[in-house]
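Participant: What follows is start.cif; its format and atoms are mmCIF, C-alpha atoms.
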```cif
data_coords
#
loop_
_atom_site.label_atom_id
_atom_site.label_comp_id
_atom_site.auth_asym_id
_atom_site.auth_seq_id
_atom_site.Cartn_x
_atom_site.Cartn_y
_atom_site.Cartn_z
CA MET G 1 0.00 0.00 0.00
CA LEU G 2 1.23 3.51 -0.87
CA GLN G 3 2.50 5.28 2.23
CA MET G 4 1.08 8.77 2.58
CA GLN G 5 4.40 10.58 2.86
CA LYS G 6 4.09 14.35 2.99
CA VAL G 7 5.15 16.22 -0.15
CA SER G 8 6.28 19.85 0.08
CA ILE G 9 5.47 21.82 -3.07
CA ILE G 10 7.23 25.18 -3.36
CA VAL G 11 5.85 27.92 -5.60
CA PRO G 12 7.86 31.15 -6.15
CA ILE G 13 5.44 33.94 -7.04
CA TYR G 14 6.00 37.25 -8.83
CA LYS G 15 3.65 39.06 -11.23
CA VAL G 16 1.57 36.01 -12.12
CA GLU G 17 -1.86 36.96 -10.78
CA THR G 18 -3.58 35.92 -14.04
CA TYR G 19 -2.13 32.41 -13.82
CA LEU G 20 -1.83 31.88 -10.06
CA PRO G 21 -5.34 30.56 -9.25
CA GLN G 22 -4.99 27.78 -11.83
CA CYS G 23 -1.57 26.91 -10.41
CA ILE G 24 -2.79 26.72 -6.81
CA ASP G 25 -5.99 24.87 -7.74
CA SER G 26 -3.99 22.25 -9.62
CA ILE G 27 -2.00 21.54 -6.45
CA ILE G 28 -4.67 21.60 -3.74
CA ASN G 29 -7.00 19.50 -5.93
CA GLN G 30 -4.48 16.73 -6.42
CA THR G 31 -5.78 13.21 -5.92
CA TYR G 32 -2.92 12.83 -3.40
CA LYS G 33 -3.87 14.90 -0.35
CA ASN G 34 -0.88 14.80 2.03
CA ILE G 35 0.81 17.89 0.67
CA GLU G 36 2.33 21.02 2.12
CA LEU G 37 1.96 23.92 -0.30
CA ILE G 38 4.47 26.71 0.33
CA LEU G 39 3.58 29.89 -1.55
CA VAL G 40 6.44 32.40 -1.57
CA ASP G 41 5.23 35.89 -2.48
CA ASP G 42 8.41 37.58 -3.67
CA ALA G 43 7.05 41.10 -3.08
CA SER G 44 4.84 40.81 -6.13
CA PRO G 45 3.39 44.28 -6.90
CA ASP G 46 0.05 42.92 -8.16
CA ASN G 47 -2.64 40.96 -6.31
CA CYS G 48 -0.60 37.77 -5.90
CA GLY G 49 -0.05 38.29 -2.19
CA LYS G 50 -3.78 38.67 -1.54
CA ILE G 51 -4.58 35.62 -3.68
CA CYS G 52 -2.12 33.58 -1.61
CA ASP G 53 -3.61 34.73 1.68
CA ASP G 54 -7.16 34.04 0.49
CA TYR G 55 -6.28 30.46 -0.43
CA ALA G 56 -4.39 29.94 2.84
CA SER G 57 -7.43 31.06 4.82
CA ARG G 58 -9.42 28.23 3.23
CA ASP G 59 -6.84 25.41 3.22
CA ALA G 60 -4.71 24.57 6.25
CA ARG G 61 -2.14 22.82 4.04
CA ILE G 62 -1.06 26.15 2.57
CA ILE G 63 1.79 28.19 4.07
CA VAL G 64 2.39 31.70 2.75
CA ILE G 65 5.70 33.55 2.94
CA HIS G 66 5.73 37.27 2.11
CA GLN G 67 9.28 38.47 1.58
CA GLU G 68 11.27 41.31 0.05
CA ASN G 69 11.95 40.82 -3.63
CA GLY G 70 14.95 38.53 -4.07
CA GLY G 71 14.23 36.71 -7.29
CA VAL G 72 13.10 33.16 -7.97
CA SER G 73 16.21 31.63 -6.37
CA GLY G 74 15.68 33.42 -3.09
CA ALA G 75 12.00 32.46 -3.12
CA ARG G 76 12.75 28.78 -3.68
CA ASN G 77 15.44 28.82 -0.99
CA ALA G 78 12.97 30.34 1.47
CA GLY G 79 10.52 27.56 0.68
CA VAL G 80 13.05 24.77 1.08
CA ALA G 81 14.17 26.25 4.41
CA ILE G 82 10.76 25.67 6.02
CA ALA G 83 9.68 22.54 4.11
CA THR G 84 8.83 19.51 6.27
CA GLY G 85 7.80 16.95 3.65
CA GLU G 86 9.67 13.74 2.88
CA TYR G 87 9.78 14.89 -0.73
CA VAL G 88 10.11 18.30 -2.38
CA MET G 89 8.68 19.45 -5.69
CA PHE G 90 8.79 22.86 -7.38
CA VAL G 91 6.09 24.54 -9.45
CA ASP G 92 6.31 28.00 -11.03
CA GLY G 93 3.39 30.31 -10.35
CA ASP G 94 2.30 30.51 -13.98
CA ASP G 95 2.34 26.73 -14.56
CA TYR G 96 0.25 23.88 -13.18
CA LEU G 97 0.34 20.17 -12.35
CA SER G 98 -1.61 17.36 -13.97
CA GLU G 99 -4.41 16.05 -11.74
CA ASN G 100 -2.70 12.92 -10.38
CA ALA G 101 0.91 14.12 -10.68
CA VAL G 102 1.81 13.92 -6.99
CA SER G 103 0.27 10.46 -6.57
CA ILE G 104 2.33 9.14 -9.49
CA VAL G 105 5.50 10.79 -8.16
CA VAL G 106 5.10 9.45 -4.63
CA SER G 107 4.28 5.96 -5.92
CA ALA G 108 7.52 5.91 -7.91
CA MET G 109 9.62 7.46 -5.12
CA GLU G 110 8.33 4.96 -2.57
CA SER G 111 8.25 1.77 -4.64
CA LYS G 112 11.76 2.33 -6.05
CA GLN G 113 13.20 4.04 -2.96
CA LEU G 114 14.38 6.97 -5.07
CA ASP G 115 16.35 10.04 -4.10
CA CYS G 116 15.25 11.84 -7.25
CA LEU G 117 12.68 11.39 -10.01
CA MET G 118 12.46 13.19 -13.35
CA PHE G 119 9.21 13.28 -15.30
CA ASN G 120 7.84 14.71 -18.52
CA VAL G 121 6.13 17.98 -19.42
CA ASN G 122 3.40 19.39 -21.62
CA LEU G 123 4.02 22.72 -23.36
CA ILE G 124 0.93 24.92 -23.18
CA ASP G 125 0.98 27.53 -25.94
CA GLY G 126 -2.38 29.27 -26.02
CA ASP G 127 -4.99 26.61 -26.78
CA CYS G 128 -2.34 24.16 -27.96
CA LYS G 129 -0.95 21.46 -25.68
CA ARG G 130 1.90 19.23 -26.79
CA LEU G 131 4.31 16.81 -25.18
CA ILE G 132 7.81 18.26 -25.44
CA GLY G 133 9.87 15.08 -25.39
CA GLN G 134 9.97 11.44 -24.47
CA GLN G 135 12.54 8.93 -23.27
CA SER G 136 12.10 5.19 -23.01
CA PHE G 137 14.09 4.07 -19.97
CA ASP G 138 12.92 3.61 -16.40
CA ASP G 139 15.77 1.73 -14.72
CA VAL G 140 17.29 3.11 -11.53
CA CYS G 141 20.89 4.36 -11.52
CA ASP G 142 23.09 6.79 -9.63
CA GLY G 143 23.13 10.51 -10.34
CA LEU G 144 26.18 10.54 -12.59
CA ALA G 145 24.95 7.66 -14.74
CA PHE G 146 21.54 9.30 -15.01
CA LEU G 147 22.93 12.69 -16.08
CA GLU G 148 25.20 11.10 -18.66
CA ARG G 149 22.49 8.85 -20.04
CA MET G 150 20.05 11.73 -20.44
CA THR G 151 22.78 13.88 -22.00
CA ASN G 152 23.56 11.19 -24.56
CA ALA G 153 19.86 10.97 -25.38
CA ASN G 154 19.75 14.77 -25.73
CA VAL G 155 16.96 15.07 -23.15
CA LEU G 156 18.83 16.33 -20.09
CA TRP G 157 16.56 19.20 -19.11
CA VAL G 158 17.66 21.10 -16.03
CA MET G 159 14.36 22.84 -15.24
CA VAL G 160 13.89 22.20 -11.54
CA TRP G 161 10.13 21.72 -11.86
CA LEU G 162 10.74 18.47 -13.76
CA TYR G 163 12.22 16.81 -10.67
CA CYS G 164 11.09 15.56 -7.30
CA TYR G 165 13.79 15.24 -4.61
CA ARG G 166 13.99 13.45 -1.31
CA ARG G 167 14.26 16.45 1.01
CA SER G 168 17.12 14.94 2.99
CA ILE G 169 19.32 15.19 -0.13
CA LEU G 170 18.77 18.95 -0.28
CA THR G 171 19.41 19.45 3.44
CA GLU G 172 22.30 17.02 3.87
CA TYR G 173 24.32 18.69 1.11
CA ALA G 174 23.05 22.22 1.87
CA LEU G 175 21.87 22.59 -1.72
CA GLN G 176 20.56 26.05 -2.58
CA PHE G 177 19.69 28.02 -5.67
CA LYS G 178 22.23 30.68 -6.52
CA THR G 179 20.75 34.15 -6.27
CA GLY G 180 21.33 37.05 -8.65
CA ILE G 181 21.67 34.97 -11.81
CA VAL G 182 19.45 34.06 -14.73
CA GLY G 183 19.27 30.35 -15.45
CA GLU G 184 19.60 29.24 -11.82
CA ASP G 185 18.43 25.73 -12.75
CA GLU G 186 21.61 25.26 -14.80
CA HIS G 187 23.52 25.82 -11.58
CA PHE G 188 21.31 23.77 -9.24
CA THR G 189 20.13 20.63 -11.03
CA PRO G 190 23.44 18.93 -11.97
CA ARG G 191 24.71 19.36 -8.41
CA ALA G 192 21.54 18.05 -6.81
CA VAL G 193 21.23 15.01 -9.07
CA LEU G 194 24.90 14.07 -8.71
CA PHE G 195 24.44 13.66 -4.95
CA CYS G 196 21.58 11.20 -5.50
CA LYS G 197 22.25 7.47 -5.34
CA ARG G 198 18.96 6.30 -6.84
CA VAL G 199 17.48 8.25 -9.76
CA THR G 200 15.14 7.41 -12.61
CA TYR G 201 12.75 8.92 -15.15
CA ILE G 202 9.10 8.25 -15.89
CA ASP G 203 7.63 9.08 -19.27
CA LYS G 204 4.50 10.79 -17.99
CA PRO G 205 3.62 14.48 -18.58
CA LEU G 206 2.99 15.47 -14.98
CA TYR G 207 3.87 19.14 -15.38
CA ASN G 208 2.25 21.77 -17.62
CA TYR G 209 4.55 24.59 -18.70
CA VAL G 210 2.68 27.70 -19.85
CA LYS G 211 4.53 29.61 -22.56
CA ARG G 212 4.37 33.33 -21.84
CA PRO G 213 5.46 36.06 -24.30
CA ASP G 214 7.14 38.02 -21.49
CA SER G 215 9.13 35.17 -19.94
CA ILE G 216 12.93 35.24 -19.75
CA THR G 217 13.19 32.40 -22.27
CA THR G 218 11.13 34.25 -24.89
CA THR G 219 12.20 37.83 -24.24
CA SER G 220 13.59 40.05 -27.00
CA ASP G 221 15.22 42.38 -24.47
CA THR G 222 18.88 42.44 -25.48
CA LYS G 223 20.14 43.23 -21.97
CA LYS G 224 18.28 40.24 -20.52
CA ILE G 225 19.54 37.96 -23.28
CA ILE G 226 23.14 39.04 -22.71
CA LYS G 227 22.86 38.60 -18.94
CA ARG G 228 21.34 35.15 -19.36
CA TYR G 229 24.21 33.83 -21.48
CA LYS G 230 26.91 35.52 -19.42
CA ASP G 231 25.41 33.93 -16.32
CA VAL G 232 25.38 30.53 -17.99
CA ILE G 233 29.08 30.84 -18.82
CA SER G 234 29.84 31.76 -15.20
CA THR G 235 27.84 28.71 -14.12
CA LEU G 236 29.83 26.48 -16.48
CA TYR G 237 33.06 27.55 -14.79
CA GLU G 238 31.57 26.76 -11.39
CA LEU G 239 30.33 23.39 -12.61
CA GLU G 240 33.81 22.57 -13.92
CA HIS G 241 35.20 23.17 -10.44
CA PHE G 242 32.38 21.13 -8.90
CA TYR G 243 32.93 18.21 -11.28
CA ASN G 244 36.67 18.24 -10.62
CA GLU G 245 35.99 18.12 -6.89
CA HIS G 246 33.37 15.36 -6.95
CA ILE G 247 33.98 13.28 -10.10
CA PRO G 248 37.25 11.49 -10.96
CA ARG G 249 38.88 12.82 -14.13
CA ASP G 250 38.38 9.50 -15.94
CA LYS G 251 34.63 9.77 -15.34
CA GLY G 252 32.07 12.44 -16.11
CA LYS G 253 33.46 13.14 -19.58
CA VAL G 254 29.97 13.37 -21.01
CA LEU G 255 29.03 16.11 -18.54
CA ARG G 256 32.24 18.01 -19.14
CA GLU G 257 31.70 17.95 -22.89
CA LEU G 258 28.14 19.10 -22.37
CA SER G 259 29.57 22.15 -20.58
CA ALA G 260 31.95 22.77 -23.48
CA ASN G 261 29.07 22.52 -25.95
CA LYS G 262 26.99 24.97 -23.93
CA TYR G 263 29.96 27.32 -23.71
CA LEU G 264 30.29 27.37 -27.50
CA ARG G 265 26.59 28.14 -27.93
CA CYS G 266 26.72 30.95 -25.38
CA ALA G 267 29.93 32.33 -26.89
CA ALA G 268 28.40 32.44 -30.37
CA ILE G 269 25.40 34.41 -29.13
CA LEU G 270 27.50 36.81 -27.06
CA LYS G 271 29.87 37.41 -29.99
CA HIS G 272 26.81 38.18 -32.12
CA TYR G 273 25.91 40.92 -29.63
CA LYS G 274 29.58 41.96 -29.38
CA ARG G 275 29.64 41.14 -25.66
CA LEU G 276 32.44 38.56 -25.57
CA LYS G 277 35.95 39.93 -25.97
CA LYS G 278 37.83 36.64 -25.82
CA VAL G 279 36.81 33.03 -26.27
CA ASP G 280 38.25 30.79 -23.54
CA TYR G 281 39.76 28.03 -25.65
CA LYS G 282 41.65 26.73 -22.61
CA PHE G 283 38.32 25.92 -20.95
CA LEU G 284 37.19 24.16 -24.10
CA LYS G 285 40.42 22.15 -24.34
CA ARG G 286 40.07 21.00 -20.73
CA ASN G 287 36.53 19.78 -21.30
CA ILE G 288 36.59 18.26 -24.79
CA PHE G 289 37.32 14.58 -25.42
CA THR G 290 35.66 13.60 -28.71
CA THR G 291 36.54 14.30 -32.32
CA LYS G 292 33.06 15.66 -32.94
CA MET G 293 33.54 18.41 -30.36
CA LYS G 294 37.03 19.18 -31.61
CA ILE G 295 35.56 19.73 -35.07
CA LYS G 296 32.94 22.08 -33.61
CA VAL G 297 35.68 24.18 -32.00
CA ALA G 298 37.66 24.23 -35.25
CA VAL G 299 34.59 25.50 -37.12
CA PHE G 300 33.99 28.11 -34.43
CA LYS G 301 37.57 29.38 -34.80
CA VAL G 302 37.03 29.83 -38.54
CA SER G 303 33.65 31.54 -38.17
CA TYR G 304 31.33 31.71 -35.20
CA THR G 305 28.45 32.57 -37.55
CA LEU G 306 29.11 29.40 -39.58
CA TYR G 307 29.19 27.41 -36.35
CA ALA G 308 25.90 29.01 -35.24
CA HIS G 309 24.31 28.16 -38.59
CA LEU G 310 25.45 24.54 -38.45
CA ALA G 311 24.36 24.26 -34.81
CA ASN G 312 20.96 25.80 -35.63
CA ILE G 313 21.39 28.61 -33.14
CA LYS G 314 18.98 31.51 -33.56
CA MET G 315 20.78 34.78 -33.07
CA ASP G 316 17.77 37.16 -33.02
#
```
Let me see the file written as structure tokens.

Facilitator:
Amino acid sequence: MLQMQKVSIIVPIYKVETYLPQCIDSIINQTYKNIELILVDDASPDNCGKICDDYASRDARIIVIHQENGGVSGARNAGVAIATGEYVMFVDGDDYLSENAVSIVVSAMESKQLDCLMFNVNLIDGDCKRLIGQQSFDDVCDGLAFLERMTNANVLWVMVWLYCYRRSILTEYALQFKTGIVGEDEHFTPRAVLFCKRVTYIDKPLYNYVKRPDSITTTSDTKKIIKRYKDVISTLYELEHFYNEHIPRDKGKVLRELSANKYLRCAAILKHYKRLKKVDYKFLKRNIFTTKMKIKVAVFKVSYTLYAHLANIKMD
């Protein structure tokens, strides 16, 4: 019989009043009832704070935090700090869960004794809903093997809302989201998964990602685009240090090459905007092991625009 372990669901909230009721409803109406919903109002200037308080007054499972604006990382960290569930999930305030998502997650976490579970996602674009991607394996492995396998299958998505974690993993290793950067999931997810001993994936679309025209991933604001890719490069340097500290040099080559590949993509975009003075070829050399990647670097040296074209990178 499925044990009714408590699940803490953390929702960072800022300027999402149009979407927030659907998000909260999707969580409190789950078929699985033993949840702790932590709503973190990150000083949202609209009616989000009031919406949170109204819901909390009607459902004792809801905890509301009102805090000074510190970004999505600070909001998630505040939620994790007070979470009491056996498991932790993350949902963004403009997205929502499928009806039986938590029940499916807990069933998998319990039956397979997992530290971490990744699941699938629907992309909601207006009236259109489509499954973004699928993968066919469900065997349990350690964090490194999982990350490398998903990388090789080209489906390693770092978005934190695609994962459920055993809370003790987050607390034991003092895992937090880095504040002040764009793309904080790039920084958090590889670290968190690597510390897990039992990880798997289920091919079920349990999360619904709502595509918004004003989101950071769809913005046309040049300053935001430049900051995003500069922050990713900074994260890649930090990940290199982390991998060197926690993974033997003869292992983790797939992850290191993934970092090199991401660096090239970021460098091409930043060069397009004339915001990268010098390409760090030493970083690339340290993290490249295959002929395919060496060829990519050679093409980049000849012409970053040719590389971008071959890599299907949109510059505008």

Participant: Which polymer residues have any atom within 10 Å of an atom of Ile169 in chain G, counting all atoms listed in the file, with same-chain residues fewer than 4 positions away left out, as a list in words?

Facilitator: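 Counting only the stated atoms, we get Tyr87, Val88, Asp115, Cys116, Tyr165, Tyr173, Ala174, Leu175, Ala192, Val193, Phe195, Cys196 and Lys197 of chain G.
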
Participant: Restrict the selected residues to C-alpha atoms and save them as a short mmCIF file (atom, residue, chain, number, x, y, z; two decimals), keeping the file's coordinate frame.

Facilitator:
```cif
data_model
loop_
_atom_site.label_atom_id
_atom_site.label_comp_id
_atom_site.auth_asym_id
_atom_site.auth_seq_id
_atom_site.Cartn_x
_atom_site.Cartn_y
_atom_site.Cartn_z
CA TYR G 87 9.78 14.89 -0.73
CA VAL G 88 10.11 18.30 -2.38
CA ASP G 115 16.35 10.04 -4.10
CA CYS G 116 15.25 11.84 -7.25
CA TYR G 165 13.79 15.24 -4.61
CA TYR G 173 24.32 18.69 1.11
CA ALA G 174 23.05 22.22 1.87
CA LEU G 175 21.87 22.59 -1.72
CA ALA G 192 21.54 18.05 -6.81
CA VAL G 193 21.23 15.01 -9.07
CA PHE G 195 24.44 13.66 -4.95
CA CYS G 196 21.58 11.20 -5.50
CA LYS G 197 22.25 7.47 -5.34
#
```

Participant: On this structure, the PyMOL selection byres ((chain G and resi 137) around 8) would catch which residues? List them as a list in words, sorted by chain and number.

Facilitator: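 For this structure, the PyMOL selection byres ((chain G and resi 137) around 8) resolves to Gln135, Ser136, Asp138, Asp139, Tyr201 and Ile202 of chain G.
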
Participant: Let me have the centre and edge lengths of the axis-aligned box enclosing all listed atoms of range 201-206 of chain G with 3 Å padding on every side, in Å to one decimal, as lines of an AutoDock Vina configuration file.

Facilitator:
```
center_x = 7.9
center_y = 11.9
center_z = -17.1
size_x = 15.8
size_y = 13.2
size_z = 10.3
```

Participant: Of the residues G:Met118, G:Ile181, G:Ala145, G:Val160, which is the one nearest to Ile10 in chain G, using all atoms listed in the file?

Facilitator: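 Residue with the minimum atom-to-atom distance to Ile10 in chain G: G:Val160.
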
Participant: Please determine, counting all atoms listed in the file, which residue among G:Met315, G:Glu186, G:Ser111, G:Tyr263 has the shortest atom-to-atom distance to Lys282 in chain G.

Facilitator: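 Going through G:Met315, G:Glu186, G:Ser111, G:Tyr263 one by one, the smallest distance to Lys282 in chain G is for G:Tyr263.
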
Participant: Excluding Ala75 in chain G and any residue of its chain fewer than 3 positions from it, enumerate the residues within 7 Å of it, using only C-alpha atoms, and give them as a VMD selection string.

Facilitator: chain G and resid 12 40 42 70 to 72 78 to 79

Participant: Taking the file as shown, what set of residues would the PyMOL selection byres ((chain G and resi 231) around 10) give back, as a ChimeraX atom specification?

Facilitator: /G:180-184,186-187,225-230,232-236,266

Participant: Taking into account only C-alpha atoms, which residue in the set G:Lys285, G:Arg58, G:Arg191, G:His272 is nearest to Leu306 in chain G?

Facilitator: G:His272

Participant: So the first atom is CA of Ala43 in chain G and the second is CA of Gln67 in chain G; what is the distance between them in Å, to one decimal place?

Facilitator: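 CA of Ala43 in chain G sits 5.8 Å away from CA of Gln67 in chain G.
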
Participant: Could you check which residues have any atom within 10 Å of (7.0, 18.3, 9.1), counting only C-alpha atoms with coordinates taken straight from the file, and then list them as an mmCIF file with C-alpha atoms, in the coordinates of the input?

Facilitator:
```cif
data_model
loop_
_atom_site.group_PDB
_atom_site.id
_atom_site.type_symbol
_atom_site.label_atom_id
_atom_site.label_comp_id
_atom_site.auth_asym_id
_atom_site.auth_seq_id
_atom_site.Cartn_x
_atom_site.Cartn_y
_atom_site.Cartn_z
ATOM 1 C CA LYS G 6 4.090 14.350 2.990
ATOM 2 C CA VAL G 7 5.150 16.220 -0.150
ATOM 3 C CA SER G 8 6.280 19.850 0.080
ATOM 4 C CA GLU G 36 2.330 21.020 2.120
ATOM 5 C CA ILE G 82 10.760 25.670 6.020
ATOM 6 C CA ALA G 83 9.680 22.540 4.110
ATOM 7 C CA THR G 84 8.830 19.510 6.270
ATOM 8 C CA GLY G 85 7.800 16.950 3.650
ATOM 9 C CA GLU G 86 9.670 13.740 2.880
#
```

Participant: Since the input is missing atoms, can you rebuild N, CA and C atoms for range 50-62 of chain G and write them as a PDB file, in the coordinates of the input?

Facilitator:
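The resulting file, rebuild.pdb, is reproduced below:
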```
ATOM      1  N   LYS G  50      -2.405  38.827  -2.036  1.00  0.00           N
ATOM      2  CA  LYS G  50      -3.780  38.670  -1.540  1.00  0.00           C
ATOM      3  C   LYS G  50      -4.356  37.327  -1.961  1.00  0.00           C
ATOM      4  N   ILE G  51      -4.092  36.921  -3.198  1.00  0.00           N
ATOM      5  CA  ILE G  51      -4.580  35.620  -3.680  1.00  0.00           C
ATOM      6  C   ILE G  51      -4.025  34.505  -2.802  1.00  0.00           C
ATOM      7  N   CYS G  52      -2.747  34.591  -2.482  1.00  0.00           N
ATOM      8  CA  CYS G  52      -2.120  33.580  -1.610  1.00  0.00           C
ATOM      9  C   CYS G  52      -2.797  33.524  -0.249  1.00  0.00           C
ATOM     10  N   ASP G  53      -3.001  34.687   0.350  1.00  0.00           N
ATOM     11  CA  ASP G  53      -3.610  34.730   1.680  1.00  0.00           C
ATOM     12  C   ASP G  53      -5.045  34.217   1.654  1.00  0.00           C
ATOM     13  N   ASP G  54      -5.779  34.519   0.603  1.00  0.00           N
ATOM     14  CA  ASP G  54      -7.160  34.040   0.490  1.00  0.00           C
ATOM     15  C   ASP G  54      -7.202  32.516   0.434  1.00  0.00           C
ATOM     16  N   TYR G  55      -6.324  31.930  -0.346  1.00  0.00           N
ATOM     17  CA  TYR G  55      -6.280  30.460  -0.430  1.00  0.00           C
ATOM     18  C   TYR G  55      -5.868  29.856   0.905  1.00  0.00           C
ATOM     19  N   ALA G  56      -4.875  30.478   1.563  1.00  0.00           N
ATOM     20  CA  ALA G  56      -4.390  29.940   2.840  1.00  0.00           C
ATOM     21  C   ALA G  56      -5.475  29.981   3.911  1.00  0.00           C
ATOM     22  N   SER G  57      -6.360  30.959   3.826  1.00  0.00           N
ATOM     23  CA  SER G  57      -7.430  31.060   4.820  1.00  0.00           C
ATOM     24  C   SER G  57      -8.453  29.942   4.663  1.00  0.00           C
ATOM     25  N   ARG G  58      -8.444  29.286   3.500  1.00  0.00           N
ATOM     26  CA  ARG G  58      -9.420  28.230   3.230  1.00  0.00           C
ATOM     27  C   ARG G  58      -8.820  26.828   3.245  1.00  0.00           C
ATOM     28  N   ASP G  59      -7.487  26.729   3.279  1.00  0.00           N
ATOM     29  CA  ASP G  59      -6.840  25.410   3.220  1.00  0.00           C
ATOM     30  C   ASP G  59      -5.647  25.399   4.173  1.00  0.00           C
ATOM     31  N   ALA G  60      -5.746  24.595   5.220  1.00  0.00           N
ATOM     32  CA  ALA G  60      -4.710  24.570   6.250  1.00  0.00           C
ATOM     33  C   ALA G  60      -3.381  24.001   5.749  1.00  0.00           C
ATOM     34  N   ARG G  61      -3.383  23.372   4.582  1.00  0.00           N
ATOM     35  CA  ARG G  61      -2.140  22.820   4.040  1.00  0.00           C
ATOM     36  C   ARG G  61      -1.260  23.875   3.394  1.00  0.00           C
ATOM     37  N   ILE G  62      -1.781  25.077   3.266  1.00  0.00           N
ATOM     38  CA  ILE G  62      -1.060  26.150   2.570  1.00  0.00           C
ATOM     39  C   ILE G  62      -0.324  27.042   3.569  1.00  0.00           C
TER      40      ILE G  62
END
```
